[in-house]
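A.B. asks: Got a structure for you, questions after.
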Amino acid sequence: MTGNRGRVVCVGIAVLDQVWELPALPPGPGKYLSHGFRETGGGMAATAAVAIAALGGAALWHGRLGKDGPGATLLALLRSRGVEVVDVTPAPGGRTPISGVLVDAEGERVLAVFPGDGLPEASALAETRLDGAGAVLADPRWPAGAERLLRMAGARGLPRVLDADVAAAGTIAELAPFTDHLIFSQRGLAEFTGTDDPAAGLAAAATRLRSLPACGARGSLAVTLGARGSLWWRDGGPAALAAPRIAARDTTGCGDVFHGAFALALAEAREVQGAARFATAAAALKAQRGAGWQGMPDRATVEALLGEGWT
C-alpha cells in the first residue's frame with residue numbers, strides 16, 4: 001500500500017475486559033460456576049484499531065487511560081497487537097475503564113462497563129497524526145475527543161466513520177454533522193429514534209439527518225444487526241446486507257471489528273458496498289473465533305470468505 005491507503009486514526013475508549021464463560025447466561029440473581037476466564041482488551045475504538053492492524057492496516061489509537069494497573073495493561077496489549085498509541089498520557093489518580101462480560105455457549109453475552117473516572121476531558125491529539133491517513137474512526141464514549149478528530153479529518157477531506165452505539169443523551173446528534181459514515185448498533189439506533197424496529201428506525205434516522213453528510217451521495221447511514229447482517233439506507237429505503245452463517249463462539253467486540261474493517265476498507269479506497277461486505281466478513285470471523293483481541297481475523301482469511309460469497 002502506498003500514500004494514504006490503509007492508515008486509520010481511531011479515537012475513543014479502551015477497556016480492560018474480564019470475560020467469564022458460562023453454559024448459559026444467568027436467568028437471575030445467584031451464584032454461577034464459570035468454566036473459562038480470560039482478561040483481554042476491549043472498547044470500541046481500541047478494538048477497531050486492533051482489528052485494523054490484524055487486517056494489515058496501519059492503526060493509530062488515541063484515548064484516555066488512568067495511571068493504574070489496568071491502564072498499563074491496555075497500553076501493553078495495544079502495542080503488542082501492532083497498534084500505534086499516540087498522544088496518550090495516563091491520568092494520575094484516574095481510573096481506567098473496565099468491563100465484566102458473561103458469555104454463553106452460543107456466543108451471546110451480557111456486558112457491564114465501568115467507563116472510568118478522573119480522566120481528562122480535552123483531547124491532546126496532534127493534527128499531524130492525520131498525515132498520511134486514509135480514514136478516521138471515532139466512538140461516542142469521549143465526545144470531545146471524537147469531535148476534535150472528526151473536525152480535523154473533515155478539514156482534510158478524509159472519510160469519517162462514527163460507531164454510533166448507545167451514548168450519553170444527545171451525543172450522536174452532536175457528532176452526526178461531522179460524520180460521513182454513521183453506523184449504528186441496533187441498541188444505539190433504538191435509543192436515537194425511539195423504535196426497536198431497525199427498518200423503521202433507519203427511516204426515522206434518515207429523516208432526522210437528511211441534510212447531513214451521512215445521507216449525502218458520498219456518505220452512508222446503516223445499522224448492524226449481528227447474525228442478521230446489516231441494513232443500509234439507499235435510494236430512500238433500507239437495503240439488507242446478509243451476514244455469512246457461522247457458529248458463533250463469542251460476539252463480544254464484533255461490532256467494533258465491523259467498524260474498524262469498514263474504516264480500513266474506505267482508507268484503501270473501496271466503495272461503500274465493498275467496504276460493507278469486507279466489514280461483514282471480518283465481524284463474522286471474529287464471532288466464530290472469539291478469544292478477544294487474540295481472535296482477530298487476518299486479511300487472507302477475510303478475503304477467502306469474501307471469495308466464497310454468501311446470500
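In the C-alpha cells, each chain is lettered A, B, ... as it comes, each chain's residues begin at 1, and ligands are numbered from 1 in order of appearance.
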Compile the contact shell of stretch 143-148 of chain A as a ChimeraX atom specification: residues with an atom at most 10 Å away, counting only C-alpha atoms, same-chain residues fewer than 5 positions apart removed.

C.D. replies: /A:10-13,62-64,120-127,136-138,153-154,162,167-168,171-172,174-179

A.B. asks: For A:Pro297, please output as an NGL selection string all residues within 9 Å (counting only C-alpha atoms; exclusion window: fewer than 6 positions along the same chain).

C.D. replies: :A and (51 or 54-55 or 282-283 or 285-286 or 289)

A.B. asks: With distances taken over only C-alpha atoms, which residue among A:Gly94, A:Pro29, A:Val83, A:Ala112 lies nearest A:Ala48?

C.D. replies: A:Val83

A.B. asks: Go through stretch 71-173 of chain A and flag each residue having an atom no more than 10 Å from stretch 264-275 of chain A; for those, report the closest pair of atoms plus their distance in Å to one decimal, using only C-alpha atoms, ordered by chain and rising number, as a Markdown table.

C.D. replies:
```
| residue | atom | partner | partner_atom | distance |
| --- | --- | --- | --- | --- |
| A:Ala133 | CA | A:Ala267 | CA | 7.4 |
| A:Gly134 | CA | A:Ala267 | CA | 4.0 |
| A:Ala135 | CA | A:Ala267 | CA | 4.9 |
| A:Val136 | CA | A:Ala267 | CA | 8.3 |
| A:Leu137 | CA | A:Leu264 | CA | 9.4 |
| A:Leu158 | CA | A:Ala267 | CA | 8.5 |
| A:Pro159 | CA | A:Leu266 | CA | 7.1 |
| A:Arg160 | CA | A:Leu266 | CA | 9.3 |
| A:Val161 | CA | A:Leu266 | CA | 9.4 |
```

A.B. asks: Which residue is closest to A:Ser220? Choose from A:Leu306, A:Ala263, A:Ala14, A:Ala49 and count only C-alpha atoms.

C.D. replies: A:Ala263

A.B. asks: So how far away is atom CA of A:Leu77 from atom CA of A:His35, in Å?

C.D. replies: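 These atoms are spaced 24.1 Å apart.
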
A.B. asks: Pull the alpha helix (DSSP H) assignments for stretch 41-221 of chain A out of DSSP run on the backbone, and list those residues as a PDB file with N, CA, C and O atoms, in the first residue's frame.

C.D. replies:
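Ended up saving to out_30.pdb:
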```
ATOM      1  N   MET A  44     -14.566   0.204  22.098  1.00  0.00           N
ATOM      2  CA  MET A  44     -14.961   0.336  20.700  1.00  0.00           C
ATOM      3  C   MET A  44     -13.811   0.759  19.786  1.00  0.00           C
ATOM      4  O   MET A  44     -13.426   0.038  18.865  1.00  0.00           O
ATOM      5  N   ALA A  45     -13.254   1.938  20.008  1.00  0.00           N
ATOM      6  CA  ALA A  45     -12.202   2.435  19.122  1.00  0.00           C
ATOM      7  C   ALA A  45     -10.920   1.610  19.246  1.00  0.00           C
ATOM      8  O   ALA A  45     -10.227   1.373  18.243  1.00  0.00           O
ATOM      9  N   ALA A  46     -10.599   1.161  20.462  1.00  0.00           N
ATOM     10  CA  ALA A  46      -9.384   0.363  20.640  1.00  0.00           C
ATOM     11  C   ALA A  46      -9.501  -0.974  19.919  1.00  0.00           C
ATOM     12  O   ALA A  46      -8.558  -1.426  19.261  1.00  0.00           O
ATOM     13  N   THR A  47     -10.660  -1.631  20.026  1.00  0.00           N
ATOM     14  CA  THR A  47     -10.855  -2.908  19.343  1.00  0.00           C
ATOM     15  C   THR A  47     -10.847  -2.716  17.840  1.00  0.00           C
ATOM     16  O   THR A  47     -10.299  -3.542  17.097  1.00  0.00           O
ATOM     17  N   ALA A  48     -11.447  -1.639  17.363  1.00  0.00           N
ATOM     18  CA  ALA A  48     -11.395  -1.333  15.930  1.00  0.00           C
ATOM     19  C   ALA A  48      -9.955  -1.188  15.470  1.00  0.00           C
ATOM     20  O   ALA A  48      -9.574  -1.682  14.391  1.00  0.00           O
ATOM     21  N   ALA A  49      -9.127  -0.504  16.269  1.00  0.00           N
ATOM     22  CA  ALA A  49      -7.723  -0.318  15.907  1.00  0.00           C
ATOM     23  C   ALA A  49      -6.983  -1.649  15.849  1.00  0.00           C
ATOM     24  O   ALA A  49      -6.174  -1.892  14.941  1.00  0.00           O
ATOM     25  N   VAL A  50      -7.239  -2.529  16.813  1.00  0.00           N
ATOM     26  CA  VAL A  50      -6.600  -3.848  16.813  1.00  0.00           C
ATOM     27  C   VAL A  50      -7.026  -4.639  15.583  1.00  0.00           C
ATOM     28  O   VAL A  50      -6.214  -5.332  14.953  1.00  0.00           O
ATOM     29  N   ALA A  51      -8.311  -4.551  15.222  1.00  0.00           N
ATOM     30  CA  ALA A  51      -8.795  -5.238  14.020  1.00  0.00           C
ATOM     31  C   ALA A  51      -8.098  -4.705  12.772  1.00  0.00           C
ATOM     32  O   ALA A  51      -7.703  -5.479  11.886  1.00  0.00           O
ATOM     33  N   ILE A  52      -7.953  -3.398  12.674  1.00  0.00           N
ATOM     34  CA  ILE A  52      -7.291  -2.785  11.514  1.00  0.00           C
ATOM     35  C   ILE A  52      -5.853  -3.300  11.391  1.00  0.00           C
ATOM     36  O   ILE A  52      -5.402  -3.657  10.294  1.00  0.00           O
ATOM     37  N   ALA A  53      -5.142  -3.339  12.511  1.00  0.00           N
ATOM     38  CA  ALA A  53      -3.761  -3.826  12.482  1.00  0.00           C
ATOM     39  C   ALA A  53      -3.705  -5.293  12.068  1.00  0.00           C
ATOM     40  O   ALA A  53      -2.841  -5.694  11.277  1.00  0.00           O
ATOM     41  N   ALA A  54      -4.629  -6.109  12.589  1.00  0.00           N
ATOM     42  CA  ALA A  54      -4.650  -7.534  12.241  1.00  0.00           C
ATOM     43  C   ALA A  54      -4.951  -7.749  10.763  1.00  0.00           C
ATOM     44  O   ALA A  54      -4.492  -8.723  10.158  1.00  0.00           O
ATOM     45  N   GLY A  69      -2.943   0.063  37.105  1.00  0.00           N
ATOM     46  CA  GLY A  69      -2.609  -1.248  36.560  1.00  0.00           C
ATOM     47  C   GLY A  69      -3.364  -1.572  35.279  1.00  0.00           C
ATOM     48  O   GLY A  69      -2.744  -1.985  34.279  1.00  0.00           O
ATOM     49  N   PRO A  70      -4.697  -1.426  35.257  1.00  0.00           N
ATOM     50  CA  PRO A  70      -5.430  -1.702  34.016  1.00  0.00           C
ATOM     51  C   PRO A  70      -4.978  -0.841  32.845  1.00  0.00           C
ATOM     52  O   PRO A  70      -4.918  -1.315  31.713  1.00  0.00           O
ATOM     53  N   GLY A  71      -4.643   0.426  33.105  1.00  0.00           N
ATOM     54  CA  GLY A  71      -4.171   1.287  32.031  1.00  0.00           C
ATOM     55  C   GLY A  71      -2.856   0.805  31.451  1.00  0.00           C
ATOM     56  O   GLY A  71      -2.665   0.778  30.224  1.00  0.00           O
ATOM     57  N   ALA A  72      -1.926   0.407  32.326  1.00  0.00           N
ATOM     58  CA  ALA A  72      -0.641  -0.110  31.857  1.00  0.00           C
ATOM     59  C   ALA A  72      -0.827  -1.397  31.065  1.00  0.00           C
ATOM     60  O   ALA A  72      -0.167  -1.622  30.044  1.00  0.00           O
ATOM     61  N   THR A  73      -1.757  -2.250  31.524  1.00  0.00           N
ATOM     62  CA  THR A  73      -2.033  -3.494  30.812  1.00  0.00           C
ATOM     63  C   THR A  73      -2.569  -3.219  29.415  1.00  0.00           C
ATOM     64  O   THR A  73      -2.156  -3.836  28.430  1.00  0.00           O
ATOM     65  N   LEU A  74      -3.494  -2.268  29.301  1.00  0.00           N
ATOM     66  CA  LEU A  74      -4.066  -1.937  27.995  1.00  0.00           C
ATOM     67  C   LEU A  74      -3.025  -1.358  27.047  1.00  0.00           C
ATOM     68  O   LEU A  74      -3.004  -1.693  25.849  1.00  0.00           O
ATOM     69  N   LEU A  75      -2.157  -0.494  27.540  1.00  0.00           N
ATOM     70  CA  LEU A  75      -1.112   0.052  26.682  1.00  0.00           C
ATOM     71  C   LEU A  75      -0.224  -1.061  26.127  1.00  0.00           C
ATOM     72  O   LEU A  75       0.103  -1.077  24.932  1.00  0.00           O
ATOM     73  N   ALA A  76       0.128  -1.993  26.981  1.00  0.00           N
ATOM     74  CA  ALA A  76       0.969  -3.104  26.544  1.00  0.00           C
ATOM     75  C   ALA A  76       0.233  -3.987  25.540  1.00  0.00           C
ATOM     76  O   ALA A  76       0.811  -4.433  24.536  1.00  0.00           O
ATOM     77  N   LEU A  77      -1.047  -4.230  25.792  1.00  0.00           N
ATOM     78  CA  LEU A  77      -1.836  -5.059  24.878  1.00  0.00           C
ATOM     79  C   LEU A  77      -1.978  -4.402  23.510  1.00  0.00           C
ATOM     80  O   LEU A  77      -1.838  -5.058  22.473  1.00  0.00           O
ATOM     81  N   LEU A  78      -2.280  -3.118  23.489  1.00  0.00           N
ATOM     82  CA  LEU A  78      -2.428  -2.409  22.221  1.00  0.00           C
ATOM     83  C   LEU A  78      -1.135  -2.472  21.405  1.00  0.00           C
ATOM     84  O   LEU A  78      -1.142  -2.779  20.205  1.00  0.00           O
ATOM     85  N   ARG A  79      -0.036  -2.183  22.048  1.00  0.00           N
ATOM     86  CA  ARG A  79       1.241  -2.180  21.337  1.00  0.00           C
ATOM     87  C   ARG A  79       1.621  -3.585  20.871  1.00  0.00           C
ATOM     88  O   ARG A  79       2.182  -3.752  19.772  1.00  0.00           O
ATOM     89  N   SER A  80       1.298  -4.598  21.676  1.00  0.00           N
ATOM     90  CA  SER A  80       1.619  -5.966  21.283  1.00  0.00           C
ATOM     91  C   SER A  80       0.819  -6.418  20.071  1.00  0.00           C
ATOM     92  O   SER A  80       1.217  -7.349  19.364  1.00  0.00           O
ATOM     93  N   PRO A 143     -16.929  12.281  23.745  1.00  0.00           N
ATOM     94  CA  PRO A 143     -17.426  13.211  22.720  1.00  0.00           C
ATOM     95  C   PRO A 143     -16.424  14.282  22.313  1.00  0.00           C
ATOM     96  O   PRO A 143     -16.298  14.587  21.117  1.00  0.00           O
ATOM     97  N   ALA A 144     -15.709  14.859  23.278  1.00  0.00           N
ATOM     98  CA  ALA A 144     -14.758  15.921  22.937  1.00  0.00           C
ATOM     99  C   ALA A 144     -13.631  15.384  22.061  1.00  0.00           C
ATOM    100  O   ALA A 144     -13.207  16.038  21.099  1.00  0.00           O
ATOM    101  N   GLY A 145     -13.137  14.202  22.380  1.00  0.00           N
ATOM    102  CA  GLY A 145     -12.091  13.600  21.563  1.00  0.00           C
ATOM    103  C   GLY A 145     -12.586  13.250  20.176  1.00  0.00           C
ATOM    104  O   GLY A 145     -11.893  13.455  19.177  1.00  0.00           O
ATOM    105  N   ALA A 146     -13.812  12.697  20.109  1.00  0.00           N
ATOM    106  CA  ALA A 146     -14.389  12.335  18.820  1.00  0.00           C
ATOM    107  C   ALA A 146     -14.585  13.567  17.951  1.00  0.00           C
ATOM    108  O   ALA A 146     -14.237  13.574  16.760  1.00  0.00           O
ATOM    109  N   GLU A 147     -15.139  14.631  18.522  1.00  0.00           N
ATOM    110  CA  GLU A 147     -15.402  15.829  17.729  1.00  0.00           C
ATOM    111  C   GLU A 147     -14.106  16.438  17.201  1.00  0.00           C
ATOM    112  O   GLU A 147     -14.047  16.880  16.040  1.00  0.00           O
ATOM    113  N   ARG A 148     -13.067  16.463  18.027  1.00  0.00           N
ATOM    114  CA  ARG A 148     -11.785  17.017  17.567  1.00  0.00           C
ATOM    115  C   ARG A 148     -11.268  16.223  16.365  1.00  0.00           C
ATOM    116  O   ARG A 148     -10.850  16.808  15.352  1.00  0.00           O
ATOM    117  N   LEU A 149     -11.290  14.894  16.465  1.00  0.00           N
ATOM    118  CA  LEU A 149     -10.815  14.067  15.360  1.00  0.00           C
ATOM    119  C   LEU A 149     -11.650  14.295  14.104  1.00  0.00           C
ATOM    120  O   LEU A 149     -11.106  14.486  13.007  1.00  0.00           O
ATOM    121  N   LEU A 150     -12.970  14.279  14.245  1.00  0.00           N
ATOM    122  CA  LEU A 150     -13.848  14.391  13.083  1.00  0.00           C
ATOM    123  C   LEU A 150     -13.728  15.753  12.416  1.00  0.00           C
ATOM    124  O   LEU A 150     -13.759  15.858  11.179  1.00  0.00           O
ATOM    125  N   ARG A 151     -13.578  16.808  13.209  1.00  0.00           N
ATOM    126  CA  ARG A 151     -13.402  18.139  12.628  1.00  0.00           C
ATOM    127  C   ARG A 151     -12.084  18.229  11.851  1.00  0.00           C
ATOM    128  O   ARG A 151     -12.030  18.776  10.741  1.00  0.00           O
ATOM    129  N   MET A 152     -11.003  17.721  12.438  1.00  0.00           N
ATOM    130  CA  MET A 152      -9.704  17.784  11.761  1.00  0.00           C
ATOM    131  C   MET A 152      -9.739  16.961  10.475  1.00  0.00           C
ATOM    132  O   MET A 152      -9.192  17.382   9.453  1.00  0.00           O
ATOM    133  N   ALA A 153     -10.379  15.798  10.528  1.00  0.00           N
ATOM    134  CA  ALA A 153     -10.460  14.957   9.332  1.00  0.00           C
ATOM    135  C   ALA A 153     -11.312  15.613   8.255  1.00  0.00           C
ATOM    136  O   ALA A 153     -11.001  15.517   7.059  1.00  0.00           O
ATOM    137  N   GLY A 154     -12.393  16.278   8.671  1.00  0.00           N
ATOM    138  CA  GLY A 154     -13.237  16.968   7.708  1.00  0.00           C
ATOM    139  C   GLY A 154     -12.496  18.052   6.962  1.00  0.00           C
ATOM    140  O   GLY A 154     -12.687  18.253   5.755  1.00  0.00           O
ATOM    141  N   ALA A 155     -11.620  18.752   7.660  1.00  0.00           N
ATOM    142  CA  ALA A 155     -10.837  19.810   7.019  1.00  0.00           C
ATOM    143  C   ALA A 155      -9.885  19.258   5.971  1.00  0.00           C
ATOM    144  O   ALA A 155      -9.497  19.965   5.039  1.00  0.00           O
ATOM    145  N   ARG A 156      -9.541  17.978   6.112  1.00  0.00           N
ATOM    146  CA  ARG A 156      -8.636  17.332   5.149  1.00  0.00           C
ATOM    147  C   ARG A 156      -9.389  16.519   4.100  1.00  0.00           C
ATOM    148  O   ARG A 156      -8.767  15.932   3.211  1.00  0.00           O
ATOM    149  N   THR A 171     -25.455  12.847  22.371  1.00  0.00           N
ATOM    150  CA  THR A 171     -24.095  12.737  21.833  1.00  0.00           C
ATOM    151  C   THR A 171     -24.087  12.425  20.342  1.00  0.00           C
ATOM    152  O   THR A 171     -23.339  13.049  19.568  1.00  0.00           O
ATOM    153  N   ILE A 172     -24.897  11.455  19.909  1.00  0.00           N
ATOM    154  CA  ILE A 172     -24.891  11.082  18.496  1.00  0.00           C
ATOM    155  C   ILE A 172     -25.362  12.257  17.634  1.00  0.00           C
ATOM    156  O   ILE A 172     -24.774  12.544  16.582  1.00  0.00           O
ATOM    157  N   ALA A 173     -26.397  12.940  18.076  1.00  0.00           N
ATOM    158  CA  ALA A 173     -26.886  14.098  17.320  1.00  0.00           C
ATOM    159  C   ALA A 173     -25.826  15.186  17.228  1.00  0.00           C
ATOM    160  O   ALA A 173     -25.706  15.870  16.197  1.00  0.00           O
ATOM    161  N   GLU A 174     -25.041  15.356  18.276  1.00  0.00           N
ATOM    162  CA  GLU A 174     -23.999  16.385  18.265  1.00  0.00           C
ATOM    163  C   GLU A 174     -22.837  16.021  17.338  1.00  0.00           C
ATOM    164  O   GLU A 174     -22.227  16.901  16.719  1.00  0.00           O
ATOM    165  N   LEU A 175     -22.537  14.729  17.221  1.00  0.00           N
ATOM    166  CA  LEU A 175     -21.411  14.303  16.399  1.00  0.00           C
ATOM    167  C   LEU A 175     -21.802  14.051  14.944  1.00  0.00           C
ATOM    168  O   LEU A 175     -20.938  14.078  14.057  1.00  0.00           O
ATOM    169  N   GLN A 186     -27.763  -1.841  16.890  1.00  0.00           N
ATOM    170  CA  GLN A 186     -29.219  -1.918  16.970  1.00  0.00           C
ATOM    171  C   GLN A 186     -29.743  -1.157  18.184  1.00  0.00           C
ATOM    172  O   GLN A 186     -30.731  -0.423  18.096  1.00  0.00           O
ATOM    173  N   ARG A 187     -29.064  -1.303  19.317  1.00  0.00           N
ATOM    174  CA  ARG A 187     -29.484  -0.578  20.519  1.00  0.00           C
ATOM    175  C   ARG A 187     -29.252   0.920  20.369  1.00  0.00           C
ATOM    176  O   ARG A 187     -30.051   1.733  20.832  1.00  0.00           O
ATOM    177  N   GLY A 188     -28.155   1.279  19.730  1.00  0.00           N
ATOM    178  CA  GLY A 188     -27.888   2.689  19.516  1.00  0.00           C
ATOM    179  C   GLY A 188     -28.940   3.347  18.646  1.00  0.00           C
ATOM    180  O   GLY A 188     -29.379   4.475  18.915  1.00  0.00           O
ATOM    181  N   LEU A 189     -29.379   2.642  17.593  1.00  0.00           N
ATOM    182  CA  LEU A 189     -30.423   3.183  16.720  1.00  0.00           C
ATOM    183  C   LEU A 189     -31.747   3.298  17.459  1.00  0.00           C
ATOM    184  O   LEU A 189     -32.468   4.297  17.316  1.00  0.00           O
ATOM    185  N   ALA A 190     -32.071   2.280  18.263  1.00  0.00           N
ATOM    186  CA  ALA A 190     -33.318   2.325  19.031  1.00  0.00           C
ATOM    187  C   ALA A 190     -33.320   3.500  19.997  1.00  0.00           C
ATOM    188  O   ALA A 190     -34.337   4.191  20.159  1.00  0.00           O
ATOM    189  N   GLU A 191     -32.189   3.758  20.622  1.00  0.00           N
ATOM    190  CA  GLU A 191     -32.097   4.880  21.549  1.00  0.00           C
ATOM    191  C   GLU A 191     -32.211   6.210  20.808  1.00  0.00           C
ATOM    192  O   GLU A 191     -32.859   7.155  21.282  1.00  0.00           O
ATOM    193  N   PHE A 192     -31.631   6.286  19.621  1.00  0.00           N
ATOM    194  CA  PHE A 192     -31.623   7.524  18.852  1.00  0.00           C
ATOM    195  C   PHE A 192     -33.003   7.865  18.282  1.00  0.00           C
ATOM    196  O   PHE A 192     -33.380   9.036  18.184  1.00  0.00           O
ATOM    197  N   THR A 193     -33.769   6.821  17.914  1.00  0.00           N
ATOM    198  CA  THR A 193     -35.038   7.052  17.220  1.00  0.00           C
ATOM    199  C   THR A 193     -36.277   6.728  18.050  1.00  0.00           C
ATOM    200  O   THR A 193     -37.385   7.132  17.684  1.00  0.00           O
ATOM    201  N   PRO A 198     -35.629  -2.079  13.325  1.00  0.00           N
ATOM    202  CA  PRO A 198     -34.465  -1.498  12.644  1.00  0.00           C
ATOM    203  C   PRO A 198     -34.813  -0.751  11.365  1.00  0.00           C
ATOM    204  O   PRO A 198     -34.250   0.320  11.099  1.00  0.00           O
ATOM    205  N   ALA A 199     -35.718  -1.286  10.554  1.00  0.00           N
ATOM    206  CA  ALA A 199     -36.067  -0.613   9.303  1.00  0.00           C
ATOM    207  C   ALA A 199     -36.752   0.721   9.573  1.00  0.00           C
ATOM    208  O   ALA A 199     -36.431   1.743   8.951  1.00  0.00           O
ATOM    209  N   ALA A 200     -37.710   0.712  10.503  1.00  0.00           N
ATOM    210  CA  ALA A 200     -38.391   1.960  10.852  1.00  0.00           C
ATOM    211  C   ALA A 200     -37.424   2.945  11.498  1.00  0.00           C
ATOM    212  O   ALA A 200     -37.485   4.153  11.248  1.00  0.00           O
ATOM    213  N   GLY A 201     -36.517   2.423  12.324  1.00  0.00           N
ATOM    214  CA  GLY A 201     -35.537   3.284  12.965  1.00  0.00           C
ATOM    215  C   GLY A 201     -34.593   3.918  11.961  1.00  0.00           C
ATOM    216  O   GLY A 201     -34.262   5.109  12.062  1.00  0.00           O
ATOM    217  N   LEU A 202     -34.172   3.140  10.974  1.00  0.00           N
ATOM    218  CA  LEU A 202     -33.268   3.688   9.961  1.00  0.00           C
ATOM    219  C   LEU A 202     -33.977   4.770   9.144  1.00  0.00           C
ATOM    220  O   LEU A 202     -33.378   5.801   8.812  1.00  0.00           O
ATOM    221  N   ALA A 203     -35.245   4.540   8.833  1.00  0.00           N
ATOM    222  CA  ALA A 203     -36.016   5.553   8.112  1.00  0.00           C
ATOM    223  C   ALA A 203     -36.148   6.834   8.934  1.00  0.00           C
ATOM    224  O   ALA A 203     -36.015   7.948   8.411  1.00  0.00           O
ATOM    225  N   ALA A 204     -36.411   6.675  10.231  1.00  0.00           N
ATOM    226  CA  ALA A 204     -36.528   7.841  11.101  1.00  0.00           C
ATOM    227  C   ALA A 204     -35.204   8.588  11.195  1.00  0.00           C
ATOM    228  O   ALA A 204     -35.162   9.824  11.179  1.00  0.00           O
ATOM    229  N   ALA A 205     -34.101   7.838  11.293  1.00  0.00           N
ATOM    230  CA  ALA A 205     -32.785   8.474  11.357  1.00  0.00           C
ATOM    231  C   ALA A 205     -32.477   9.213  10.058  1.00  0.00           C
ATOM    232  O   ALA A 205     -31.918  10.315  10.076  1.00  0.00           O
ATOM    233  N   ALA A 206     -32.839   8.611   8.926  1.00  0.00           N
ATOM    234  CA  ALA A 206     -32.594   9.251   7.640  1.00  0.00           C
ATOM    235  C   ALA A 206     -33.364  10.565   7.519  1.00  0.00           C
ATOM    236  O   ALA A 206     -32.849  11.554   6.979  1.00  0.00           O
ATOM    237  N   THR A 207     -34.575  10.574   8.023  1.00  0.00           N
ATOM    238  CA  THR A 207     -35.369  11.803   8.000  1.00  0.00           C
ATOM    239  C   THR A 207     -34.736  12.865   8.895  1.00  0.00           C
ATOM    240  O   THR A 207     -34.608  14.033   8.510  1.00  0.00           O
ATOM    241  N   ARG A 208     -34.312  12.448  10.058  1.00  0.00           N
ATOM    242  CA  ARG A 208     -33.732  13.387  11.022  1.00  0.00           C
ATOM    243  C   ARG A 208     -32.399  13.938  10.542  1.00  0.00           C
ATOM    244  O   ARG A 208     -32.058  15.091  10.819  1.00  0.00           O
TER     245      ARG A 208
END
```

A.B. asks: Please list as a PDB file with N, CA and C atoms, in the first residue's frame every residue within 7 Å of A:Phe262, counting only C-alpha atoms and excluding residues in the same chain fewer than 6 positions away.

C.D. replies:
```pdb
ATOM      1  N   ALA A 275     -16.836  -2.044   0.990  1.00  0.00           N
ATOM      2  CA  ALA A 275     -16.352  -1.889   2.361  1.00  0.00           C
ATOM      3  C   ALA A 275     -17.285  -2.579   3.342  1.00  0.00           C
ATOM      4  N   ALA A 276     -18.595  -2.493   3.092  1.00  0.00           N
ATOM      5  CA  ALA A 276     -19.565  -3.128   3.976  1.00  0.00           C
ATOM      6  C   ALA A 276     -19.436  -4.643   3.947  1.00  0.00           C
ATOM      7  N   PHE A 278     -16.694  -6.353   3.167  1.00  0.00           N
ATOM      8  CA  PHE A 278     -15.420  -6.651   3.820  1.00  0.00           C
ATOM      9  C   PHE A 278     -15.589  -6.633   5.340  1.00  0.00           C
ATOM     10  N   ALA A 279     -16.281  -5.613   5.853  1.00  0.00           N
ATOM     11  CA  ALA A 279     -16.508  -5.494   7.292  1.00  0.00           C
ATOM     12  C   ALA A 279     -17.389  -6.614   7.810  1.00  0.00           C
TER      13      ALA A 279
END
```

A.B. asks: Quick one: pull the distance between atom CA of A:Gly43 and atom CA of A:Arg277, Å, one decimal.

C.D. replies: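 It comes out at 22.7 Å.
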
A.B. asks: Report the distance between atom CA of A:Val15 and atom CA of A:Gly42 in Å, rounded to one decimal place.

C.D. replies: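 About the pair atom CA of A:Val15 and atom CA of A:Gly42: they are 4.7 Å apart.
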
A.B. asks: Which residues come within 7 Å of A:Ala164, counting only C-alpha atoms, excluding same-chain residues fewer than 4 positions away, as a PyMOL selection string?

C.D. replies: chain A and resi 139-140+172+182-185+188
